[in-house]
Amino acid sequence: MAVIPCPLVLKISGAKIVPQSNYHSGNSVKIKLLPNTETPIAIRKTPPIHGRANTPRPLQPIRFLHMAAQNVDSTDDRISRISSSIRVIPDFPKPGIMFQDITTLLLDPKAFKDTIDLFVERYKDQNINVVAGIEARGFIFGPPIALAIGAKFVPMRKPKKLPGEVISEEYSLEYGTDIMEMHVGAVQAGERALVVDDLIATGGTLSAAIRLLERVGVDVVECACVIELPELKGRNRLGDKPLFVLVT
Amino acid sequence: MFAAENGLRGDPRLKGISDAITVVPHFPKPGIMFQDITTLVSNPKAFKDTIDIFVDRYRDMDISVVAGVEARGFMFAPAIALAIGAKFIPLRKPGKLPGEVISEAYELEYGKDRLEMHVGAVQHGERALIIDDLVATGGTLSAATRLLERVGAVVVECACVIGLPEVKGRCRLDGKPLYMLVEPRKIENYTLQRCFVDSG
């Protein structure tokens, strides 16, 4: 998928237009409420790009042509439904951020099941021993995947939440740093692991989780997220680790 | 009520679940014997058995909502929701849920905290479960129950993996049935014996 230098991406979601934008765009966004819709659309005041009119780029579901359809809806149909079920909340947690809220996905049992199924289909024959989930939204997706593929679930937590002996890793935030912890002895050297979170933005959290696991000799096979914000280039902070996502 | 008193007496899965829980003394502070479920979720068989027991109990009860309490409740509730075809609703600490929320205060040992839920997540009349890893005083589960009832949901049951002594013998919490799988693990007391060895 081409990287388009367009900070504002509009997602087509049935009859609703749901805006998403780059955290760092700094463009002012005017929110307008359409009649008879619950969802605001954002109108960006910037010049056209490459001579084209400022038409929104629809959200592109990732095409998984290589994934065989099971006795279920096609992969594309499932991803469309997942994508549509995610809502965007403007100016959360602070002004300028368009927050990708997966709680609406969790309210749609079929979309939630399809989300887990898509990950399970990918990983079930990969000899994964460990699914590491990042607090707190990674705790929602990680355990069902772990249960379905017969792997351990290992929570990666904020400081002082895990009892007993832990190892910790510092990582950068937009302003300042934070710390992530994992239990000593939760994983063994040589085990094959996935790292799961709801969303990858800058990649700081995922890269801290990778470092924690690698410090104890674990082989991190892949990072798996429901959503990627590609403009933030989080993929580049994962070193040589591949990233698998369902929607961008 | 505990699972063993409610149809699962002698079920070997319960011993496996109890054995998979780790006791961490003096965490988060001296005197507390912390029941750590991370060793349960890292044991695939015991974790699966935990979810299966809850799913078997709730699959035919017309539950449309499974609410999980942040953060350890998030490790159990979604899997139950998925298996019974219900929605999963996260109940979160203040400021975490985006958009419009309602909140409910509850008592801690020292001070108060709040639990939040999204407006519009649950419809009037929906039948709900509330899941957490452990119940001690029941303060958190009571706040969760009040949140769901405020929007007109029917709380069918509160369910936890572990039930502490404060709730032992109780089948209900604030009028709602309470279901627990196991009691807390204890650390056996080893006494050091002086052996008088006969050198002869």
# chains A, B, ... in the order shown; residues from 1 in each chain; ligands from 1

$ interface_residues --of "chain B" --to "chain A" --cutoff "7 Å" --atoms "only C-alpha atoms" --output "PyMOL selection string"
chain B and resi 24+27+41-44+48+71+74-75+78-79+82+85-88+98-99

$ select_by_dssp --residues "segment 23-187 of chain B" --states "strand (DSSP E or B)" --output "PyMOL selection string"
chain B and resi 23-25+33-36+65-69+87-92+101-107+112-118+127-135+154-163+172-173+176-182

$ closest_residue --among "B:Cys171, B:Arg185, B:Ile21, B:His118" --to "Asn6 of chain B" --atoms "only C-alpha atoms"
B:Cys171

$ residues_around --residues "segment 227-238 of chain A" --least-positions-apart "3" --cutoff "6 Å" --atoms "only C-alpha atoms" --output "count of residues only"
10

$ atom_distance --atom1 "atom CA of Ala121 of chain B" --atom2 "atom CA of Gly152 of chain B"
11.5 Å

$ atom_distance --atom1 "atom CA of Asp178 of chain A" --atom2 "atom CA of Cys223 of chain A"
20.0 Å

$ atom_distance --atom1 "atom CA of Tyr106 of chain B" --atom2 "atom CA of Val122 of chain B"
21.0 Å

$ residues_around --residues "Met117 of chain B" --least-positions-apart "6" --cutoff "9 Å" --atoms "only C-alpha atoms" --output "count of residues only"
13

$ residues_around --residues "Asp113 of chain B" --least-positions-apart "4" --cutoff "9 Å" --atoms "only C-alpha atoms" --output "NGL selection string"
:B and (93-94 or 104-108)

$ residues_around --residues "Ile79 of chain A" --least-positions-apart "3" --cutoff "9 Å" --atoms "only C-alpha atoms" --output "PyMOL selection string"
chain A and resi 61-63+74-76+82-84+111+114-115+118+246-247

$ write_last_selection --atoms "N, CA, C and O atoms" --output "PDB file, in the first residue's frame"
ATOM      1  N   PRO A  61      -8.650  -1.623   3.886  1.00  0.00           N
ATOM      2  CA  PRO A  61      -8.385  -2.851   4.626  1.00  0.00           C
ATOM      3  C   PRO A  61      -7.179  -3.548   3.994  1.00  0.00           C
ATOM      4  O   PRO A  61      -6.991  -3.465   2.797  1.00  0.00           O
ATOM      5  N   ILE A  62      -6.390  -4.174   4.814  1.00  0.00           N
ATOM      6  CA  ILE A  62      -5.245  -4.917   4.280  1.00  0.00           C
ATOM      7  C   ILE A  62      -5.786  -6.105   3.507  1.00  0.00           C
ATOM      8  O   ILE A  62      -6.670  -6.810   3.963  1.00  0.00           O
ATOM      9  N   ARG A  63      -5.264  -6.337   2.325  1.00  0.00           N
ATOM     10  CA  ARG A  63      -5.743  -7.456   1.507  1.00  0.00           C
ATOM     11  C   ARG A  63      -4.946  -8.701   1.843  1.00  0.00           C
ATOM     12  O   ARG A  63      -3.731  -8.712   1.736  1.00  0.00           O
ATOM     13  N   SER A  74     -15.565 -14.449   3.898  1.00  0.00           N
ATOM     14  CA  SER A  74     -14.235 -14.222   3.339  1.00  0.00           C
ATOM     15  C   SER A  74     -13.459 -13.285   4.260  1.00  0.00           C
ATOM     16  O   SER A  74     -14.031 -12.516   5.025  1.00  0.00           O
ATOM     17  N   THR A  75     -12.150 -13.364   4.152  1.00  0.00           N
ATOM     18  CA  THR A  75     -11.281 -12.507   4.941  1.00  0.00           C
ATOM     19  C   THR A  75     -11.622 -11.039   4.728  1.00  0.00           C
ATOM     20  O   THR A  75     -11.732 -10.266   5.677  1.00  0.00           O
ATOM     21  N   ASP A  76     -11.816 -10.641   3.483  1.00  0.00           N
ATOM     22  CA  ASP A  76     -12.120  -9.232   3.204  1.00  0.00           C
ATOM     23  C   ASP A  76     -13.419  -8.791   3.868  1.00  0.00           C
ATOM     24  O   ASP A  76     -13.517  -7.685   4.402  1.00  0.00           O
ATOM     25  N   ILE A  82     -14.883  -5.512  10.779  1.00  0.00           N
ATOM     26  CA  ILE A  82     -14.032  -5.105  11.902  1.00  0.00           C
ATOM     27  C   ILE A  82     -13.717  -3.617  11.784  1.00  0.00           C
ATOM     28  O   ILE A  82     -13.845  -2.847  12.739  1.00  0.00           O
ATOM     29  N   SER A  83     -13.302  -3.212  10.597  1.00  0.00           N
ATOM     30  CA  SER A  83     -12.934  -1.819  10.365  1.00  0.00           C
ATOM     31  C   SER A  83     -14.102  -0.874  10.663  1.00  0.00           C
ATOM     32  O   SER A  83     -13.946   0.166  11.301  1.00  0.00           O
ATOM     33  N   SER A  84     -15.291  -1.275  10.206  1.00  0.00           N
ATOM     34  CA  SER A  84     -16.475  -0.437  10.430  1.00  0.00           C
ATOM     35  C   SER A  84     -16.864  -0.337  11.888  1.00  0.00           C
ATOM     36  O   SER A  84     -17.553   0.602  12.268  1.00  0.00           O
ATOM     37  N   ALA A 111     -17.857  -9.322  15.053  1.00  0.00           N
ATOM     38  CA  ALA A 111     -16.614  -8.620  14.695  1.00  0.00           C
ATOM     39  C   ALA A 111     -15.483  -9.005  15.652  1.00  0.00           C
ATOM     40  O   ALA A 111     -14.336  -9.188  15.229  1.00  0.00           O
ATOM     41  N   ASP A 114     -14.428 -12.520  14.772  1.00  0.00           N
ATOM     42  CA  ASP A 114     -13.661 -12.499  13.527  1.00  0.00           C
ATOM     43  C   ASP A 114     -12.249 -11.978  13.750  1.00  0.00           C
ATOM     44  O   ASP A 114     -11.288 -12.475  13.145  1.00  0.00           O
ATOM     45  N   THR A 115     -12.108 -10.959  14.599  1.00  0.00           N
ATOM     46  CA  THR A 115     -10.778 -10.412  14.911  1.00  0.00           C
ATOM     47  C   THR A 115      -9.883 -11.509  15.466  1.00  0.00           C
ATOM     48  O   THR A 115      -8.754 -11.725  15.002  1.00  0.00           O
ATOM     49  N   LEU A 118      -9.032 -14.251  12.853  1.00  0.00           N
ATOM     50  CA  LEU A 118      -8.023 -13.876  11.855  1.00  0.00           C
ATOM     51  C   LEU A 118      -6.619 -14.034  12.414  1.00  0.00           C
ATOM     52  O   LEU A 118      -5.712 -14.489  11.709  1.00  0.00           O
ATOM     53  N   LEU A 246      -4.654  -5.745  11.121  1.00  0.00           N
ATOM     54  CA  LEU A 246      -5.873  -6.003  10.367  1.00  0.00           C
ATOM     55  C   LEU A 246      -6.363  -4.760   9.628  1.00  0.00           C
ATOM     56  O   LEU A 246      -6.840  -4.857   8.515  1.00  0.00           O
ATOM     57  N   VAL A 247      -6.268  -3.596  10.250  1.00  0.00           N
ATOM     58  CA  VAL A 247      -6.756  -2.368   9.604  1.00  0.00           C
ATOM     59  C   VAL A 247      -5.782  -1.226   9.826  1.00  0.00           C
ATOM     60  O   VAL A 247      -5.059  -1.196  10.827  1.00  0.00           O
TER      61      VAL A 247
END

$ select_by_dssp --residues "chain B" --states "alpha helix (DSSP H)" --output "MDAnalysis selection string"
chainID B and resid 12:19 38:41 44:58 77:84 139:150

$ write_last_selection --atoms "C-alpha atoms" --output "mmCIF file, in the first residue's frame"
data_model
loop_
_atom_site.group_PDB
_atom_site.id
_atom_site.type_symbol
_atom_site.label_atom_id
_atom_site.label_comp_id
_atom_site.auth_asym_id
_atom_site.auth_seq_id
_atom_site.Cartn_x
_atom_site.Cartn_y
_atom_site.Cartn_z
ATOM 1 C CA PRO B 12 -10.281 -32.361 39.055
ATOM 2 C CA ARG B 13 -10.130 -29.156 37.046
ATOM 3 C CA LEU B 14 -10.687 -27.123 40.227
ATOM 4 C CA LYS B 15 -7.578 -28.559 41.877
ATOM 5 C CA GLY B 16 -5.556 -27.839 38.741
ATOM 6 C CA ILE B 17 -6.792 -24.249 38.760
ATOM 7 C CA SER B 18 -6.019 -23.785 42.454
ATOM 8 C CA ASP B 19 -2.555 -25.313 42.060
ATOM 9 C CA THR B 38 -0.461 -14.809 36.158
ATOM 10 C CA THR B 39 0.734 -18.384 36.671
ATOM 11 C CA LEU B 40 -2.807 -19.547 35.928
ATOM 12 C CA VAL B 41 -3.025 -17.697 32.595
ATOM 13 C CA PRO B 44 -2.780 -23.323 29.004
ATOM 14 C CA LYS B 45 -4.708 -26.275 30.435
ATOM 15 C CA ALA B 46 -5.631 -24.579 33.704
ATOM 16 C CA PHE B 47 -6.558 -21.356 31.904
ATOM 17 C CA LYS B 48 -8.736 -23.223 29.408
ATOM 18 C CA ASP B 49 -10.414 -25.169 32.242
ATOM 19 C CA THR B 50 -11.165 -21.877 34.042
ATOM 20 C CA ILE B 51 -12.880 -20.426 30.990
ATOM 21 C CA ASP B 52 -14.686 -23.695 30.203
ATOM 22 C CA ILE B 53 -16.197 -23.900 33.684
ATOM 23 C CA PHE B 54 -17.593 -20.364 33.405
ATOM 24 C CA VAL B 55 -18.798 -20.923 29.842
ATOM 25 C CA ASP B 56 -20.562 -24.178 30.749
ATOM 26 C CA ARG B 57 -22.363 -22.378 33.556
ATOM 27 C CA TYR B 58 -23.460 -19.320 31.568
ATOM 28 C CA ALA B 77 -14.073 -11.869 30.597
ATOM 29 C CA PRO B 78 -13.471 -11.513 26.830
ATOM 30 C CA ALA B 79 -12.883 -15.236 26.343
ATOM 31 C CA ILE B 80 -16.134 -15.971 28.184
ATOM 32 C CA ALA B 81 -17.993 -13.348 26.115
ATOM 33 C CA LEU B 82 -16.659 -14.798 22.854
ATOM 34 C CA ALA B 83 -17.664 -18.342 23.778
ATOM 35 C CA ILE B 84 -21.231 -17.448 24.748
ATOM 36 C CA GLY B 139 -16.417 -3.173 46.837
ATOM 37 C CA THR B 140 -15.378 -3.241 43.179
ATOM 38 C CA LEU B 141 -18.043 -5.742 42.153
ATOM 39 C CA SER B 142 -20.699 -3.705 43.962
ATOM 40 C CA ALA B 143 -19.652 -0.586 42.048
ATOM 41 C CA ALA B 144 -19.757 -2.584 38.813
ATOM 42 C CA THR B 145 -23.241 -3.868 39.666
ATOM 43 C CA ARG B 146 -24.461 -0.339 40.350
ATOM 44 C CA LEU B 147 -23.097 0.891 36.991
ATOM 45 C CA LEU B 148 -24.932 -1.802 35.056
ATOM 46 C CA GLU B 149 -28.144 -1.385 37.015
ATOM 47 C CA ARG B 150 -28.104 2.372 36.488
#

$ residues_around --residues "Gln188 of chain A" --least-positions-apart "4" --cutoff "9 Å" --atoms "only C-alpha atoms" --output "list in words"
Val216, Gly217 and Val218 of chain A
